[in-house]
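**Q** Structure supplied as coords.cif; contents: mmCIF, C-alpha atoms.
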```cif
data_my_file
loop_
_atom_site.label_atom_id
_atom_site.label_comp_id
_atom_site.auth_asym_id
_atom_site.auth_seq_id
_atom_site.Cartn_x
_atom_site.Cartn_y
_atom_site.Cartn_z
CA MET A 1 -50.63 6.19 107.61
CA ARG A 2 -53.15 4.71 105.24
CA MET A 3 -52.85 7.64 103.00
CA SER A 4 -49.09 7.29 102.89
CA LEU A 5 -49.47 3.67 101.85
CA GLN A 6 -51.86 4.66 99.11
CA ILE A 7 -49.47 7.29 97.84
CA LEU A 8 -46.66 4.72 97.90
CA LEU A 9 -48.84 2.30 95.96
CA LEU A 10 -49.70 5.04 93.48
CA SER A 11 -46.06 5.89 93.05
CA THR A 12 -45.14 2.24 92.56
CA LEU A 13 -47.87 1.78 89.96
CA ALA A 14 -46.84 4.92 88.12
CA LEU A 15 -43.20 3.84 88.18
CA SER A 16 -44.05 0.33 87.00
CA ASN A 17 -46.11 1.85 84.21
CA ILE A 18 -43.15 3.89 83.11
CA LEU A 19 -40.80 0.90 83.42
CA ILE A 20 -43.10 -1.37 81.39
CA ALA A 21 -43.36 1.22 78.65
CA ALA A 22 -39.65 1.92 78.68
CA TYR A 23 -38.57 -1.72 78.77
CA PHE A 24 -40.93 -2.91 76.05
CA SER A 25 -40.27 0.09 73.88
CA LEU A 26 -36.58 -0.65 73.97
CA GLU A 27 -37.04 -4.38 73.57
CA ASN A 28 -39.50 -4.02 70.71
CA ARG A 29 -37.29 -1.52 69.00
CA ARG A 30 -34.43 -4.00 69.27
CA LEU A 31 -36.66 -6.71 67.82
CA GLU A 32 -37.77 -4.40 65.03
CA GLU A 33 -34.16 -3.76 64.18
CA ILE A 34 -33.47 -7.49 64.14
CA LEU A 35 -36.56 -8.03 61.99
CA HIS A 36 -35.43 -5.31 59.64
CA ARG A 37 -31.97 -6.85 59.44
CA GLU A 38 -33.42 -10.31 58.80
CA HIS A 39 -35.70 -8.88 56.15
CA SER A 40 -32.78 -7.12 54.48
CA LEU A 41 -30.84 -10.38 54.43
CA TYR A 42 -33.84 -12.15 52.93
CA ALA A 43 -34.50 -9.40 50.40
CA ASP A 44 -30.85 -9.32 49.40
CA THR A 45 -30.68 -13.10 49.01
CA ILE A 46 -33.94 -13.39 47.12
CA THR A 47 -32.89 -10.56 44.80
CA ARG A 48 -29.61 -12.32 44.12
CA TYR A 49 -31.56 -15.54 43.56
CA TRP A 50 -33.85 -13.87 41.03
CA LYS A 51 -30.88 -12.33 39.27
CA LEU A 52 -29.10 -15.68 39.20
CA GLN A 53 -32.27 -17.31 37.90
CA ASP A 54 -32.39 -14.76 35.11
CA ASP A 55 -28.66 -15.25 34.44
CA ASN A 56 -29.16 -19.00 34.26
CA MET A 57 -31.97 -18.57 31.80
CA ARG A 58 -29.76 -16.47 29.52
CA LEU A 59 -26.79 -18.77 30.07
CA ASN A 60 -28.95 -21.72 29.15
CA ILE A 61 -30.05 -19.97 25.96
CA SER A 62 -26.38 -19.24 25.17
CA CYS A 63 -25.50 -22.89 25.79
CA CYS A 64 -28.29 -24.05 23.50
CA GLU A 65 -27.26 -21.56 20.80
CA VAL A 66 -23.63 -22.72 20.82
CA ALA A 67 -24.66 -26.40 20.98
CA GLU A 68 -27.00 -25.85 18.03
CA ALA A 69 -24.23 -24.09 16.11
CA ASN A 70 -21.92 -27.02 16.91
CA ARG A 71 -24.46 -29.47 15.50
CA ARG A 72 -24.62 -27.45 12.27
CA LEU A 73 -20.82 -27.27 12.04
CA GLU A 74 -20.49 -30.99 12.74
CA ALA A 75 -22.84 -31.62 9.81
CA VAL A 76 -20.60 -29.51 7.56
CA LEU A 77 -17.49 -31.29 8.85
CA ASN A 78 -19.05 -34.73 8.35
CA TYR A 79 -20.06 -33.79 4.81
CA THR A 80 -16.49 -32.65 4.07
CA LEU A 81 -15.00 -35.82 5.56
CA ASP A 82 -17.45 -37.98 3.59
CA VAL A 83 -16.42 -36.24 0.38
CA LEU A 84 -12.73 -36.75 1.18
CA ARG A 85 -13.29 -40.41 2.11
CA SER A 86 -14.98 -40.99 -1.24
CA ILE A 87 -11.91 -39.83 -3.22
CA PRO A 88 -10.40 -42.98 -4.68
CA TYR A 89 -6.76 -41.84 -4.79
CA ASN A 90 -4.16 -40.58 -2.34
CA TYR A 91 -4.22 -36.83 -2.10
CA THR A 92 -2.81 -33.83 -0.31
CA LEU A 93 -4.74 -30.73 0.64
CA MET A 94 -3.21 -27.42 -0.38
CA THR A 95 -4.29 -23.81 -0.50
CA PRO A 96 -4.26 -22.32 -4.02
CA MET A 97 -1.17 -20.36 -2.95
CA GLU A 98 0.64 -23.51 -1.80
CA PHE A 99 -0.40 -25.20 -5.03
CA THR A 100 0.98 -22.34 -7.12
CA ASN A 101 4.13 -22.34 -5.02
CA ARG A 102 4.77 -26.01 -5.62
CA PHE A 103 3.30 -26.47 -9.04
CA LEU A 104 3.54 -23.35 -11.20
CA PHE A 105 7.17 -23.78 -12.18
CA ALA A 106 7.53 -27.49 -11.36
CA TYR A 107 9.00 -29.48 -14.22
CA THR A 108 8.34 -33.10 -15.08
CA GLY A 109 10.82 -35.83 -16.01
CA GLU A 110 9.74 -35.36 -19.60
CA MET A 111 10.67 -31.68 -19.45
CA LYS A 112 14.04 -32.54 -17.92
CA GLY A 113 14.60 -35.09 -20.72
CA PHE A 114 13.62 -32.43 -23.24
CA VAL A 115 16.24 -30.05 -21.83
CA LEU A 116 18.91 -32.75 -21.66
CA ASN A 117 18.18 -33.75 -25.21
CA LEU A 118 18.53 -30.15 -26.40
CA THR A 119 21.67 -29.27 -24.47
CA GLY A 120 23.48 -32.52 -23.75
CA GLY A 121 24.32 -31.06 -20.35
CA TRP A 122 26.80 -28.34 -19.44
CA ASP A 123 30.52 -28.69 -20.21
CA GLY A 124 31.44 -26.13 -17.53
CA SER A 125 32.25 -23.22 -19.84
CA GLU A 126 30.47 -19.86 -19.76
CA GLY A 127 29.90 -20.05 -23.54
CA ASP A 128 28.27 -23.47 -23.34
CA PHE A 129 26.03 -22.29 -20.48
CA ARG A 130 24.77 -19.31 -22.47
CA SER A 131 24.37 -21.27 -25.70
CA ASP A 132 22.48 -23.99 -23.80
CA LEU A 133 20.06 -21.35 -22.53
CA TYR A 134 19.60 -20.20 -26.09
CA ARG A 135 19.16 -23.76 -27.37
CA ILE A 136 16.45 -24.38 -24.79
CA TYR A 137 14.67 -21.23 -25.91
CA VAL A 138 14.90 -22.21 -29.58
CA GLY A 139 13.82 -25.79 -28.88
CA TRP A 140 10.77 -24.70 -26.89
CA ARG A 141 9.86 -21.91 -29.31
CA SER A 142 10.01 -24.29 -32.27
CA ILE A 143 7.39 -26.66 -30.86
CA PHE A 144 5.15 -24.12 -29.13
CA VAL A 145 2.00 -23.00 -30.90
CA TYR A 146 0.24 -19.81 -29.88
CA VAL A 147 -3.42 -20.50 -29.11
CA PHE A 148 -5.62 -18.13 -27.22
CA PRO A 149 -7.47 -18.98 -25.09
CA PRO A 150 -5.26 -21.92 -24.07
CA PRO A 151 -6.68 -25.30 -25.11
CA TYR A 152 -6.46 -27.01 -21.75
CA GLY A 153 -9.06 -26.89 -19.04
CA ASP A 154 -7.48 -28.89 -16.25
CA CYS A 155 -9.36 -28.64 -13.02
CA LEU A 156 -8.92 -29.96 -9.51
CA PRO A 157 -11.54 -30.31 -6.78
CA LEU A 158 -11.71 -27.43 -4.34
CA ILE A 159 -13.40 -27.50 -0.93
CA SER A 160 -15.47 -24.37 -1.04
CA MET A 161 -17.12 -23.16 2.15
CA GLY A 162 -19.56 -20.29 1.84
CA PRO A 163 -19.84 -17.29 4.13
CA TRP A 164 -18.90 -17.94 7.75
CA ASN A 165 -21.41 -16.33 10.08
CA TYR A 166 -20.20 -15.38 13.52
CA ALA A 167 -22.39 -14.33 16.45
CA TYR A 168 -22.03 -13.32 20.08
CA THR A 169 -23.49 -15.31 22.95
CA GLN A 170 -26.23 -13.58 24.96
CA TYR A 171 -24.69 -14.03 28.37
CA TYR A 172 -20.91 -13.62 28.15
CA HIS A 173 -20.84 -11.97 24.72
CA ASP A 174 -18.25 -14.47 23.47
CA GLN A 175 -17.85 -14.70 19.72
CA TYR A 176 -18.57 -18.10 18.18
CA LEU A 177 -18.93 -19.55 14.70
CA ARG A 178 -22.70 -19.76 14.23
CA GLU A 179 -22.92 -21.37 10.80
CA ILE A 180 -21.30 -21.92 7.46
CA LEU A 181 -23.91 -21.11 4.90
CA SER A 182 -22.74 -23.48 2.21
CA CYS A 183 -20.14 -26.18 1.72
CA GLU A 184 -19.50 -27.89 -1.55
CA VAL A 185 -16.71 -29.41 -3.57
CA THR A 186 -16.30 -27.43 -6.77
CA SER A 187 -13.70 -27.47 -9.52
CA ILE A 188 -10.99 -24.91 -9.81
CA PRO A 189 -9.12 -24.38 -13.09
CA ILE A 190 -5.41 -24.89 -12.66
CA SER A 191 -2.43 -24.03 -14.73
CA GLY A 192 1.29 -24.59 -14.55
CA ALA A 193 4.39 -25.25 -16.59
CA SER A 194 3.85 -29.01 -16.75
CA ILE A 195 0.29 -28.59 -18.09
CA SER A 196 1.35 -26.02 -20.68
CA PHE A 197 4.30 -28.21 -21.69
CA ARG A 198 1.98 -31.19 -22.06
CA TYR A 199 -0.15 -29.33 -24.61
CA LYS A 200 2.69 -27.29 -26.14
CA GLN A 201 0.09 -24.68 -26.90
CA GLY A 202 -1.26 -21.60 -25.24
CA SER A 203 -0.70 -17.91 -24.74
CA CYS A 204 2.39 -15.88 -23.90
CA TRP A 205 1.76 -16.82 -20.24
CA ASP A 206 2.16 -20.52 -21.05
CA PHE A 207 5.22 -19.92 -23.21
CA ALA A 208 7.01 -17.86 -20.55
CA VAL A 209 6.10 -20.07 -17.59
CA VAL A 210 7.36 -23.19 -19.38
CA LEU A 211 10.56 -21.47 -20.49
CA VAL A 212 11.30 -20.44 -16.88
CA SER A 213 10.59 -24.00 -15.76
CA LEU A 214 12.84 -25.48 -18.49
CA TYR A 215 15.62 -23.14 -17.35
CA TYR A 216 15.13 -24.35 -13.76
CA ALA A 217 15.44 -27.92 -15.05
CA TYR A 218 18.66 -27.00 -16.85
CA TYR A 219 20.06 -25.29 -13.74
CA ASP A 220 19.43 -28.48 -11.79
CA ILE A 221 21.19 -30.54 -14.47
CA ALA A 222 24.12 -28.10 -14.73
CA GLY A 223 24.43 -27.40 -11.02
CA ARG A 224 24.61 -23.70 -11.72
CA SER A 225 21.76 -21.23 -11.77
CA LEU A 226 21.01 -17.64 -12.66
CA PRO A 227 18.08 -15.60 -11.28
CA THR A 228 15.31 -16.22 -13.78
CA ALA A 229 11.82 -14.77 -13.67
CA TYR A 230 8.58 -14.59 -15.57
CA ILE A 231 7.93 -10.91 -16.25
CA SER A 232 4.59 -9.36 -17.16
CA ILE A 233 4.90 -6.27 -19.31
CA GLY A 234 2.76 -3.45 -20.63
CA ALA A 235 3.40 -0.45 -22.85
CA GLU A 236 3.21 3.23 -22.01
CA GLY A 237 0.06 4.76 -23.46
CA VAL A 238 -1.28 1.42 -24.74
CA GLU A 239 -3.66 0.18 -22.06
CA GLU A 240 -4.64 -3.02 -23.86
CA PHE A 241 -1.06 -4.19 -24.30
CA SER A 242 -0.39 -6.97 -21.82
CA HIS A 243 2.25 -9.59 -22.42
CA ALA A 244 4.72 -11.93 -20.73
CA CYS A 245 8.40 -12.61 -21.25
CA VAL A 246 11.37 -14.16 -19.46
CA LEU A 247 14.24 -12.34 -17.84
CA VAL A 248 17.56 -13.91 -16.82
CA LYS A 249 19.92 -11.88 -14.71
CA LEU A 250 23.69 -12.33 -14.70
CA GLU A 251 24.86 -9.75 -12.18
CA GLY A 252 24.18 -6.10 -11.31
CA ASP A 253 21.77 -4.90 -13.98
CA MET A 254 23.06 -7.21 -16.71
CA VAL A 255 20.06 -9.05 -18.09
CA ALA A 256 18.90 -11.19 -20.97
CA ILE A 257 15.30 -10.87 -22.17
CA LEU A 258 13.43 -13.55 -24.08
CA ASP A 259 10.13 -12.66 -25.71
CA TRP A 260 8.54 -14.42 -28.69
CA GLU A 261 11.94 -13.66 -30.16
CA PRO A 262 15.17 -13.59 -28.15
CA ILE A 263 15.73 -9.89 -27.49
CA THR A 264 19.33 -10.16 -26.33
CA VAL A 265 21.17 -12.84 -28.24
CA SER A 266 24.33 -12.98 -30.30
CA ASP A 267 26.34 -15.77 -31.93
CA GLY A 268 23.88 -18.47 -30.84
CA MET A 269 24.05 -17.66 -27.16
CA LEU A 270 22.19 -15.45 -24.69
CA GLU A 271 23.74 -12.04 -24.37
CA PHE A 272 23.58 -10.17 -21.05
CA LEU A 273 23.26 -6.41 -21.47
CA PRO A 274 22.66 -3.47 -19.11
CA PHE A 275 18.95 -3.22 -18.36
CA ASP A 276 18.46 0.15 -20.08
CA LEU A 277 19.94 -1.14 -23.32
CA ALA A 278 17.96 -4.40 -23.10
CA ARG A 279 14.79 -2.37 -22.47
CA GLN A 280 15.43 -0.21 -25.56
CA MET A 281 15.96 -3.33 -27.68
CA HIS A 282 12.80 -4.82 -26.21
CA GLY A 283 10.88 -1.64 -27.14
CA ARG A 284 12.23 -1.76 -30.68
CA TYR A 285 10.99 -5.35 -30.96
CA TRP A 286 7.52 -4.08 -30.04
CA TRP A 287 7.42 -1.45 -32.82
CA GLY A 288 9.01 1.26 -30.71
CA LEU A 289 6.66 1.03 -27.75
CA SER A 290 7.97 2.13 -24.39
CA ILE A 291 7.87 -1.10 -22.40
CA LEU A 292 6.68 -1.09 -18.79
CA TYR A 293 7.89 -3.95 -16.61
CA LYS A 294 4.85 -4.44 -14.42
CA GLY A 295 5.28 -7.61 -12.41
CA PHE A 296 7.18 -10.81 -11.86
CA MET A 297 6.76 -14.42 -10.78
CA MET A 298 9.52 -16.85 -9.98
CA GLY A 299 10.02 -20.13 -8.19
CA ARG A 300 12.41 -21.68 -5.65
CA PRO A 301 10.63 -20.52 -3.49
CA TYR A 302 7.67 -19.07 -5.33
CA ARG A 303 7.34 -15.32 -5.08
CA SER A 304 5.64 -12.63 -7.08
CA GLY A 305 5.17 -8.88 -7.07
CA SER A 306 4.19 -5.88 -9.09
CA PHE A 307 5.83 -2.57 -9.94
CA ARG A 308 4.40 0.90 -10.37
CA SER A 309 7.26 2.11 -12.54
CA ASN A 310 10.33 0.94 -14.39
CA GLU A 311 12.43 2.67 -11.71
CA GLU A 312 10.84 0.44 -9.08
CA PHE A 313 11.42 -2.58 -11.31
CA TYR A 314 15.07 -1.57 -11.73
CA ARG A 315 15.55 -1.29 -7.94
CA TRP A 316 14.09 -4.76 -7.53
CA LEU A 317 16.25 -6.10 -10.36
CA VAL A 318 19.47 -4.76 -8.89
CA GLU A 319 18.77 -5.06 -5.15
CA GLU A 320 16.43 -8.00 -4.71
CA LEU A 321 16.55 -10.34 -7.68
CA GLY A 322 19.30 -12.77 -6.91
CA MET B 1 -61.90 17.63 101.07
CA ASN B 2 -60.10 15.06 103.26
CA ILE B 3 -63.14 12.85 102.96
CA TYR B 4 -62.58 12.43 99.16
CA TYR B 5 -58.82 11.84 99.20
CA PRO B 6 -58.95 8.11 99.87
CA LYS B 7 -61.53 7.60 97.15
CA LEU B 8 -59.53 9.63 94.69
CA LEU B 9 -56.37 7.77 95.52
CA THR B 10 -58.13 4.44 95.20
CA SER B 11 -59.53 5.43 91.83
CA LEU B 12 -56.16 6.62 90.68
CA SER B 13 -54.60 3.36 91.85
CA ILE B 14 -57.18 1.37 89.93
CA LEU B 15 -56.59 3.51 86.85
CA LEU B 16 -52.86 3.09 87.06
CA LEU B 17 -53.19 -0.64 87.58
CA ALA B 18 -55.46 -0.88 84.57
CA SER B 19 -53.08 1.20 82.53
CA ASN B 20 -50.23 -1.05 83.66
CA ILE B 21 -52.13 -4.12 82.55
CA VAL B 22 -53.11 -2.58 79.20
CA ALA B 23 -49.60 -1.33 78.53
CA PHE B 24 -48.08 -4.66 79.45
CA ALA B 25 -50.59 -6.55 77.32
CA TYR B 26 -50.09 -4.23 74.35
CA PHE B 27 -46.33 -4.30 74.50
CA TYR B 28 -46.23 -8.01 75.19
CA ILE B 29 -48.45 -8.82 72.21
CA GLU B 30 -46.31 -6.55 70.04
CA ASN B 31 -43.20 -8.26 71.39
CA VAL B 32 -44.56 -11.70 70.61
CA ARG B 33 -45.62 -10.55 67.12
CA LEU B 34 -42.13 -9.24 66.45
CA ARG B 35 -40.47 -12.40 67.72
CA GLU B 36 -42.73 -14.52 65.49
CA ALA B 37 -42.06 -12.23 62.55
CA ILE B 38 -38.32 -12.63 63.12
CA VAL B 39 -38.65 -16.41 63.20
CA ARG B 40 -40.71 -16.31 59.98
CA GLU B 41 -38.20 -14.00 58.31
CA ARG B 42 -35.34 -16.27 59.33
CA LEU B 43 -37.17 -19.21 57.81
CA ARG B 44 -37.79 -17.29 54.61
CA TYR B 45 -34.13 -16.28 54.53
CA GLU B 46 -33.03 -19.90 54.97
CA GLU B 47 -35.35 -20.95 52.16
CA ALA B 48 -33.98 -18.17 49.97
CA VAL B 49 -30.42 -19.25 50.78
CA GLU B 50 -31.32 -22.81 49.83
CA LEU B 51 -32.92 -21.65 46.57
CA TYR B 52 -29.89 -19.51 45.82
CA ARG B 53 -27.55 -22.40 46.58
CA ARG B 54 -29.45 -24.70 44.23
CA GLU B 55 -29.54 -22.05 41.53
CA MET B 56 -25.82 -21.53 42.01
CA ASP B 57 -25.23 -25.27 41.46
CA THR B 58 -27.25 -25.01 38.26
CA HIS B 59 -25.22 -21.95 37.29
CA ILE B 60 -21.93 -23.79 37.81
CA ALA B 61 -23.15 -26.75 35.74
CA LEU B 62 -24.44 -24.45 32.99
CA ASN B 63 -21.21 -22.50 33.01
CA ARG B 64 -19.24 -25.70 32.56
CA SER B 65 -21.49 -26.82 29.69
CA TYR B 66 -21.24 -23.37 28.11
CA TYR B 67 -17.46 -23.32 28.10
CA GLU B 68 -17.31 -26.91 26.89
CA ALA B 69 -19.66 -26.04 24.00
CA LEU B 70 -17.58 -22.96 23.22
CA GLU B 71 -14.40 -25.02 23.23
CA VAL B 72 -16.00 -27.57 20.88
CA ASN B 73 -17.05 -24.66 18.66
CA ARG B 74 -13.46 -23.37 18.52
CA ARG B 75 -12.12 -26.82 17.67
CA LEU B 76 -14.72 -27.26 14.94
CA GLU B 77 -13.86 -23.84 13.59
CA GLU B 78 -10.16 -24.78 13.50
CA LEU B 79 -10.90 -28.06 11.75
CA LEU B 80 -13.19 -26.46 9.20
CA ALA B 81 -10.71 -23.64 8.63
CA TYR B 82 -8.13 -26.29 7.81
CA PHE B 83 -10.36 -27.65 5.02
CA ARG B 84 -11.66 -24.29 3.83
CA GLY B 85 -10.50 -23.31 0.34
CA LYS B 86 -8.17 -26.28 0.00
CA ILE B 87 -7.45 -27.89 -3.34
CA ILE B 88 -7.52 -31.69 -3.34
CA VAL B 89 -4.30 -32.54 -5.16
CA PRO B 90 -3.42 -36.12 -6.08
CA CYS B 91 -0.18 -37.08 -4.33
CA ASN B 92 1.75 -37.73 -7.54
CA TYR B 93 0.04 -35.06 -9.57
CA THR B 94 3.04 -34.21 -11.74
CA ALA B 95 3.57 -37.88 -12.57
CA ILE B 96 -0.13 -38.25 -13.43
CA LEU B 97 0.13 -35.33 -15.85
CA GLU B 98 3.14 -36.93 -17.45
CA ALA B 99 1.35 -40.26 -17.86
CA GLU B 100 -1.62 -38.49 -19.45
CA ALA B 101 0.56 -36.51 -21.86
CA PRO B 102 -0.87 -36.59 -25.36
#
```
Could you spell out this file's structure in structure tokens?

**A**
Amino acid sequence: MRMSLQILLLSTLALSNILIAAYFSLENRRLEEILHREHSLYADTITRYWKLQDDNMRLNISCCEVAEANRRLEAVLNYTLDVLRSIPYNYTLMTPMEFTNRFLFAYTGEMKGFVLNLTGGWDGSEGDFRSDLYRIYVGWRSIFVYVFPPPYGDCLPLISMGPWNYAYTQYYHDQYLREILSCEVTSIPISGASISFRYKQGSCWDFAVVLVSLYYAYYDIAGRSLPTAYISIGAEGVEEFSHACVLVKLEGDMVAILDWEPITVSDGMLEFLPFDLARQMHGRYWWGLSILYKGFMMGRPYRSGSFRSNEEFYRWLVEELG
Amino acid sequence: MNIYYPKLLTSLSILLLASNIVAFAYFYIENVRLREAIVRERLRYEEAVELYRREMDTHIALNRSYYEALEVNRRLEELLAYFRGKIIVPCNYTAILEAEAP
């Protein structure tokens, strides 16, 4: 009996031993898993924190870089505004292209008076129109003196801003304007019909630009206009030959050309001839050179272009000039 | 042989009891250590979450400042581009030329 009790006790102890080991093993394993999970959460969060900290550092640097660039740009802007505030007259700001557009062929009241004085206005007849164009040419040619280089040196202030340096921010890689290396108000030489007319001197450029402008003035007085352009010319095989003349188109390829001398004129009025014939006459005027029509400029609105060949010029003359 | 059985059984019982106690103590200590470690890890995690949250607030503020600065930069660029390469032309320039005519 006693022995049986002892064996029962032994069995109970052995079983409890096994149960303790089994229970705690399972429980501790569960806790280890929880610990591992908690550690993973922590590690993940702290890693994200470190990354964010690093991001913030770079973002802060980017912020400072852009803010610093803004301070530099504000200084440039303030300088520009100070310069503009110090100008004692009313002004408009224009790009050189806008300036050319508005100013190159613009005529003054004096030029209009000059035209009116020469022509007395248009009586409505075709003959009077053509003879008026001739009279304008003669009137301008008679007072114009060839001087090269032109005697005038008119300049206007130009806001010149040096190279613009762009950069990319460290963090988002956005492009921003980092600095403008220099900003100053310089002078830019300007030219135009009204300046050339004022001096009544200059090169073929001045003569042709003013003649075009005087024709525009006449068209406004008469209320009738013909396509009129400043034409730059060269000569085949003569590289150094560069000159300017005026072309007036009637219709199709019928043109009148005015150089230092009127190329197409008869009986005191402009004569409109087919382009090929006018070109031959123009060549004869230039000692038999083969004239190349290389480019054009005209106003209302301002446009310009260049040609690689006379065929290209002819296409433009017939199809586009009008 | 029968004489030694009770002694052997008693010894075995004592051994098993001791082993029970040792096993319990070992596992219990390990269990407590793990529980404490979990509590510590949870605290560290909460601290990390708090740090992250604060850093995120900083990030949001920095982001806002960054985009504001970038926007200012674009506006300055636009303004400066407006002035760049512009000629300052008197309003009545043609009339001025006429007045100055020789």

**Q** Hey, what comes out of the PyMOL selection byres ((chain A) within 7 of (chain B)) on this file? Could you write it as a PyMOL selection string?

**A** chain A and resi 3+6+10+13-14+17+20-21+24+28+31-32+35+38-39+41-42+45-46+49+52-53+56+59-60+63+66-67+70+73+77+89-96+108+156-161+176-177+198

**Q** Of the candidates A:Phe103, A:Phe114, A:Tyr285, A:Phe241, which one gets nearest to A:Trp260 if we count all atoms listed in the file?

**A**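 When distances to A:Trp260 are compared using all atoms listed in the file, the smallest one comes from A:Tyr285.
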
**Q** Could you tell me how far atom CA of A:Ser203 sits from atom CA of A:Pro149, in Å to one decimal place?

**A**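 Separating atom CA of A:Pro149 from atom CA of A:Ser203 is a distance of 6.9 Å.
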
**Q** Exactly which residues make up the result of the PyMOL selection byres ((chain A and resi 218-224) around 8) on this file, given as a ChimeraX atom specification?

**A** /A:112,115-116,121-122,214-217,225-226

**Q** Evaluate the PyMOL selection byres ((chain A and resi 80) around 9) against this structure - the residues, as a PDB file with C-alpha atoms, in the frame of the given file, please.

**A**
```pdb
ATOM      1  CA  ALA A  75     -22.840 -31.620   9.810  1.00  0.00           C
ATOM      2  CA  VAL A  76     -20.600 -29.510   7.560  1.00  0.00           C
ATOM      3  CA  LEU A  77     -17.490 -31.290   8.850  1.00  0.00           C
ATOM      4  CA  ASN A  78     -19.050 -34.730   8.350  1.00  0.00           C
ATOM      5  CA  TYR A  79     -20.060 -33.790   4.810  1.00  0.00           C
ATOM      6  CA  LEU A  81     -15.000 -35.820   5.560  1.00  0.00           C
ATOM      7  CA  ASP A  82     -17.450 -37.980   3.590  1.00  0.00           C
ATOM      8  CA  VAL A  83     -16.420 -36.240   0.380  1.00  0.00           C
ATOM      9  CA  LEU A  84     -12.730 -36.750   1.180  1.00  0.00           C
ATOM     10  CA  ARG A  85     -13.290 -40.410   2.110  1.00  0.00           C
ATOM     11  CA  ILE A 159     -13.400 -27.500  -0.930  1.00  0.00           C
ATOM     12  CA  CYS A 183     -20.140 -26.180   1.720  1.00  0.00           C
ATOM     13  CA  GLU A 184     -19.500 -27.890  -1.550  1.00  0.00           C
ATOM     14  CA  VAL A 185     -16.710 -29.410  -3.570  1.00  0.00           C
TER      15      VAL A 185
ATOM     16  CA  LEU B  80     -13.190 -26.460   9.200  1.00  0.00           C
ATOM     17  CA  PHE B  83     -10.360 -27.650   5.020  1.00  0.00           C
TER      18      PHE B  83
END
```

**Q** Which residues are near A:Ala278? Cut-off 10 Å, only C-alpha atoms, ignore same chain within fewer than 5 positions. Put them as a list in words.

**A**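 Listed by chain and then number, they are Asp253, Met254, Val255, Ala256, Ile257, Ile263, Thr264, Glu271, Phe272, Leu273, Gly283 and Arg284 of chain A.
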
**Q** For A:Ser194, which residue among A:Glu319, A:Asp54, A:Asp123, A:Asp154 is the nearest when counting all atoms listed in the file?

**A**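 Ranking A:Glu319, A:Asp54, A:Asp123, A:Asp154 by distance to A:Ser194, first place goes to A:Asp154.
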
**Q** Could you pull stretch 27-38 of chain B out of the structure I just pasted and write it to a file containing N, CA and C atoms, as a PDB file, in the first residue's frame?

**A**
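Listing of decode04.pdb after writing:
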```pdb
ATOM      1  N   PHE B  27      11.991  28.362 -15.486  1.00  0.00           N
ATOM      2  CA  PHE B  27      11.017  28.847 -16.471  1.00  0.00           C
ATOM      3  C   PHE B  27      10.318  30.127 -16.004  1.00  0.00           C
ATOM      4  N   TYR B  28      10.071  30.184 -14.689  1.00  0.00           N
ATOM      5  CA  TYR B  28       9.370  31.354 -14.176  1.00  0.00           C
ATOM      6  C   TYR B  28      10.231  32.613 -14.338  1.00  0.00           C
ATOM      7  N   ILE B  29      11.519  32.456 -13.981  1.00  0.00           N
ATOM      8  CA  ILE B  29      12.436  33.608 -14.119  1.00  0.00           C
ATOM      9  C   ILE B  29      12.509  34.054 -15.584  1.00  0.00           C
ATOM     10  N   GLU B  30      12.614  33.038 -16.464  1.00  0.00           N
ATOM     11  CA  GLU B  30      12.661  33.347 -17.901  1.00  0.00           C
ATOM     12  C   GLU B  30      11.381  34.064 -18.345  1.00  0.00           C
ATOM     13  N   ASN B  31      10.253  33.562 -17.814  1.00  0.00           N
ATOM     14  CA  ASN B  31       8.961  34.149 -18.143  1.00  0.00           C
ATOM     15  C   ASN B  31       8.889  35.607 -17.696  1.00  0.00           C
ATOM     16  N   VAL B  32       9.350  35.844 -16.475  1.00  0.00           N
ATOM     17  CA  VAL B  32       9.325  37.212 -15.952  1.00  0.00           C
ATOM     18  C   VAL B  32      10.250  38.115 -16.796  1.00  0.00           C
ATOM     19  N   ARG B  33      11.444  37.559 -17.122  1.00  0.00           N
ATOM     20  CA  ARG B  33      12.393  38.336 -17.928  1.00  0.00           C
ATOM     21  C   ARG B  33      11.769  38.737 -19.278  1.00  0.00           C
ATOM     22  N   LEU B  34      11.103  37.762 -19.884  1.00  0.00           N
ATOM     23  CA  LEU B  34      10.464  38.039 -21.170  1.00  0.00           C
ATOM     24  C   LEU B  34       9.360  39.090 -21.041  1.00  0.00           C
ATOM     25  N   ARG B  35       8.553  38.944 -19.992  1.00  0.00           N
ATOM     26  CA  ARG B  35       7.466  39.910 -19.800  1.00  0.00           C
ATOM     27  C   ARG B  35       8.034  41.330 -19.609  1.00  0.00           C
ATOM     28  N   GLU B  36       9.123  41.403 -18.798  1.00  0.00           N
ATOM     29  CA  GLU B  36       9.734  42.720 -18.589  1.00  0.00           C
ATOM     30  C   GLU B  36      10.325  43.278 -19.893  1.00  0.00           C
ATOM     31  N   ALA B  37      10.948  42.356 -20.630  1.00  0.00           N
ATOM     32  CA  ALA B  37      11.533  42.780 -21.915  1.00  0.00           C
ATOM     33  C   ALA B  37      10.447  43.307 -22.847  1.00  0.00           C
ATOM     34  N   ILE B  38       9.291  42.638 -22.841  1.00  0.00           N
ATOM     35  CA  ILE B  38       8.177  43.090 -23.692  1.00  0.00           C
ATOM     36  C   ILE B  38       7.719  44.487 -23.274  1.00  0.00           C
TER      37      ILE B  38
END
```
